[in-house]
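Only one structure is covered here, and it is reproduced in the block below.
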Amino acid sequence: MFDVVRGDESMIPFIMATERKPEFESLVGRWGEARHRAALADSGYAYFVARHGSEPIGFAILRDWGSPEHVTLVKRIAVCRPGRGYGRSLLSKVIDAVFEETDVWRLWLGVFPENTRARRAYESVGFKAEGIARGSAFLDDIYKDELVMALLRPEWRAGRCNFPAHSNR
Ligand SMILES: CC(C)(COP(=O)(O)OP(=O)(O)OC[C@H]1O[C@@H](n2cnc3c(N)ncnc32)[C@H](O)[C@@H]1OP(=O)(O)O)[C@@H](O)C(=O)NCCC(=O)NCCS
């Protein structure tokens with residue numbers, strides 16, 4: 001069974017191992033344990049972990065959770081076995097959580113333009129491409145361009161109109 005829970009310190013080893021998968025090296029950033037502990041202790045961050053049964057299979061880190069500007073960033077997301085729909089399922093639950101649990105208006109992220117798999121996953125849950133932010137990511141001592149994508153509250157609400165059981169904030 002697939003479910004998504006809030007992450008805590010016990011999940012740090014799994015998150016660090018996933019960030020460090022060799023095939024993700026050019027796709028996602030990596031933090032050390034102290035950085036993750038600090039973020040977990042900071043109310044401006046929210047960690048989510050996807051599980052298949054009891055096995056963790058992916059994570060998402062949101063920054064600016066509950067921010068007074070009503071803008072939240074998907075800072076990082078990765079699943080252990082990409083391309084099987086797990087990322088889309090994790091994203092859907094994270095999106096519902098942020099729009100239901102906070103007053104966020106804009107949920108956004110940056111993706112390397114060549115990361116077609118991630119872009120397609122984001123588009124499939126409603127994110128729209130907005131443009132290229134030049135040199136906005138610093139990874140492995142290189143400044144890289146990112147495609148900015150975002151999902152606004154009215155778009156999220158419209159996407160849920162077929163699910164009357166959900167609230168309509
Ligand atoms: C980004 C990520 C979380 C998405 O999760 P996922 O489980 O792979 O996504 P899904 O399987 O739900 O959807 C992937 C989409 O890309 C397509 N896809 C799968 N493999 C692909 C590939 N190698 N190249 C291009 N597209 C691919 C799938 O067909 C699907 O699109 P579709 O619905 O239009 O058919 C996951 O790929 C991942 O962890 N990647 C490594 C880390 C990473 O890139 N993180 C994001 C940084 S911004």
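Lettering and numbering for the structure tokens are positional, with chains as A, B, ... in the shown order, residues counted from 1 in each chain, and ligands counted from 1 in the shown order.
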7 Å shell around ligand 1 using only C-alpha atoms and all ligand atoms, listed as a PyMOL selection string: chain A and resi 24+27-28+76-89+110-112+115-118+120-121+124
Which of chain A end up as strand (DSSP E or B) when DSSP is run on this backbone - answer as a ChimeraX atom specification? /A:2-6,45-52,55-63,71-79,106-111,128-139,142-152
Work out how far CA of Val5 (chain A) is from CA of Val49 (chain A), in Å to one decimal.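 For CA of Val49 (chain A) relative to CA of Val5 (chain A), the distance reads 5.4 Å.
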Within 12 Å of Glu55 (chain A), counting only C-alpha atoms, which residues qualify if same-chain residues fewer than 3 places away don't, as a list in words?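 Listing them by chain and then by number gives Met1, Phe2, Asp3, Val4, Val5, Met11, Phe14, Val49, Ala50, Arg51, His52, Gly58, Phe59, Val79 and Cys80 of chain A.
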Please extract the residues of region 6-167 of chain A with a backbone DSSP assignment of helix (DSSP H, G or I) and present them as a PyMOL selection string. chain A and resi 9-19+22-24+33-40+86-101+116-124+153-159
Excluding same-chain residues fewer than 5 positions from Ser136 (chain A), what lies within 8 Å of it counting only C-alpha atoms, as a PyMOL selection string? chain A and resi 143-146
Just to be explicit: take each residue in the selection above, keep N, CA and C atoms, and write the result as a PDB file, in the first residue's frame.
ATOM      1  N   TYR A 143      26.882  27.117 -11.568  1.00  0.00           N
ATOM      2  CA  TYR A 143      25.585  27.784 -11.562  1.00  0.00           C
ATOM      3  C   TYR A 143      24.789  27.288 -12.758  1.00  0.00           C
ATOM      4  N   LYS A 144      23.596  26.755 -12.484  1.00  0.00           N
ATOM      5  CA  LYS A 144      22.800  26.168 -13.563  1.00  0.00           C
ATOM      6  C   LYS A 144      21.465  26.897 -13.700  1.00  0.00           C
ATOM      7  N   ASP A 145      20.993  26.956 -14.931  1.00  0.00           N
ATOM      8  CA  ASP A 145      19.671  27.520 -15.187  1.00  0.00           C
ATOM      9  C   ASP A 145      18.603  26.540 -14.709  1.00  0.00           C
ATOM     10  N   GLU A 146      17.468  27.104 -14.312  1.00  0.00           N
ATOM     11  CA  GLU A 146      16.343  26.257 -13.924  1.00  0.00           C
ATOM     12  C   GLU A 146      15.074  26.723 -14.639  1.00  0.00           C
TER      13      GLU A 146
END
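Going from CA of Ile57 (chain A) over to CA of Ser92 (chain A), you cover 15.1 Å.
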Got a sec: who's within 10 Å of Asp8 (chain A), counting only C-alpha atoms, leaving out chain neighbours fewer than 5 positions off, as a PyMOL selection string? chain A and resi 36-37+40-41+46-49
Set out as JSON lines a contact list for region 16-78 of chain A and region 147-164 of chain A with a cut-off of 10 Å, giving each residue of region 16-78 of chain A that qualifies its closest atom pair and distance in Å to one decimal, counting only C-alpha atoms, ordered by chain and rising residue number.
{"residue": "A:Val71", "atom": "CA", "partner": "A:Leu152", "partner_atom": "CA", "distance": 9.4}
{"residue": "A:Thr72", "atom": "CA", "partner": "A:Ala150", "partner_atom": "CA", "distance": 9.8}
{"residue": "A:Leu73", "atom": "CA", "partner": "A:Ala150", "partner_atom": "CA", "distance": 9.0}
{"residue": "A:Val74", "atom": "CA", "partner": "A:Ala150", "partner_atom": "CA", "distance": 9.6}
Would you save the residues of that selection, restricted to C-alpha atoms, as an mmCIF file, in the first residue's frame?
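The file below, out-v9.cif, is the result:
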data_model
loop_
_atom_site.group_PDB
_atom_site.id
_atom_site.type_symbol
_atom_site.label_atom_id
_atom_site.label_comp_id
_atom_site.auth_asym_id
_atom_site.auth_seq_id
_atom_site.Cartn_x
_atom_site.Cartn_y
_atom_site.Cartn_z
ATOM 1 C CA VAL A 71 4.410 31.239 -1.472
ATOM 2 C CA THR A 72 5.962 27.813 -0.871
ATOM 3 C CA LEU A 73 8.798 26.048 -2.676
ATOM 4 C CA VAL A 74 9.182 22.355 -3.445
#
Mind giving me the straight-line distance from CA of Val94 (chain A) to CA of Leu107 (chain A) in Å, one decimal?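 If I compute the distance from CA of Val94 (chain A) to CA of Leu107 (chain A), I get 10.5 Å.
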A:Ala38, A:Ile95, A:Leu109, A:Met16: which is nearest Ile132 (chain A), counting only C-alpha atoms?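 Nearest candidate to Ile132 (chain A) out of A:Ala38, A:Ile95, A:Leu109, A:Met16: A:Leu109.
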Which is closer to His70 (chain A) than all the others in A:Ser26, A:Ser10, A:Thr18, A:Thr102, using only C-alpha atoms?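 Residue with the minimum atom-to-atom distance to His70 (chain A): A:Thr102.
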Would you kindly return, as a PyMOL selection string, each protein, DNA or RNA residue with an atom no farther than 7 Å from any atom of Gly29 (chain A), considering only C-alpha atoms and excluding same-chain residues fewer than 2 positions away? chain A and resi 19+31+139
The selected residues should be written to file as a PDB file, in the first residue's frame (atoms: N, CA, C and O atoms).
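Heads up, here's the output in result_12.pdb:
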ATOM      1  N   GLU A  19      19.237  10.998  -1.871  1.00  0.00           N
ATOM      2  CA  GLU A  19      19.886  12.156  -2.498  1.00  0.00           C
ATOM      3  C   GLU A  19      21.192  11.765  -3.175  1.00  0.00           C
ATOM      4  O   GLU A  19      21.606  12.400  -4.149  1.00  0.00           O
ATOM      5  N   TRP A  31      22.215  17.332   1.031  1.00  0.00           N
ATOM      6  CA  TRP A  31      22.547  17.964   2.306  1.00  0.00           C
ATOM      7  C   TRP A  31      23.158  16.935   3.234  1.00  0.00           C
ATOM      8  O   TRP A  31      22.868  15.736   3.142  1.00  0.00           O
ATOM      9  N   LEU A 139      25.080  23.861  -8.096  1.00  0.00           N
ATOM     10  CA  LEU A 139      25.237  22.428  -7.863  1.00  0.00           C
ATOM     11  C   LEU A 139      26.610  22.007  -8.382  1.00  0.00           C
ATOM     12  O   LEU A 139      26.946  22.261  -9.536  1.00  0.00           O
TER      13      LEU A 139
END
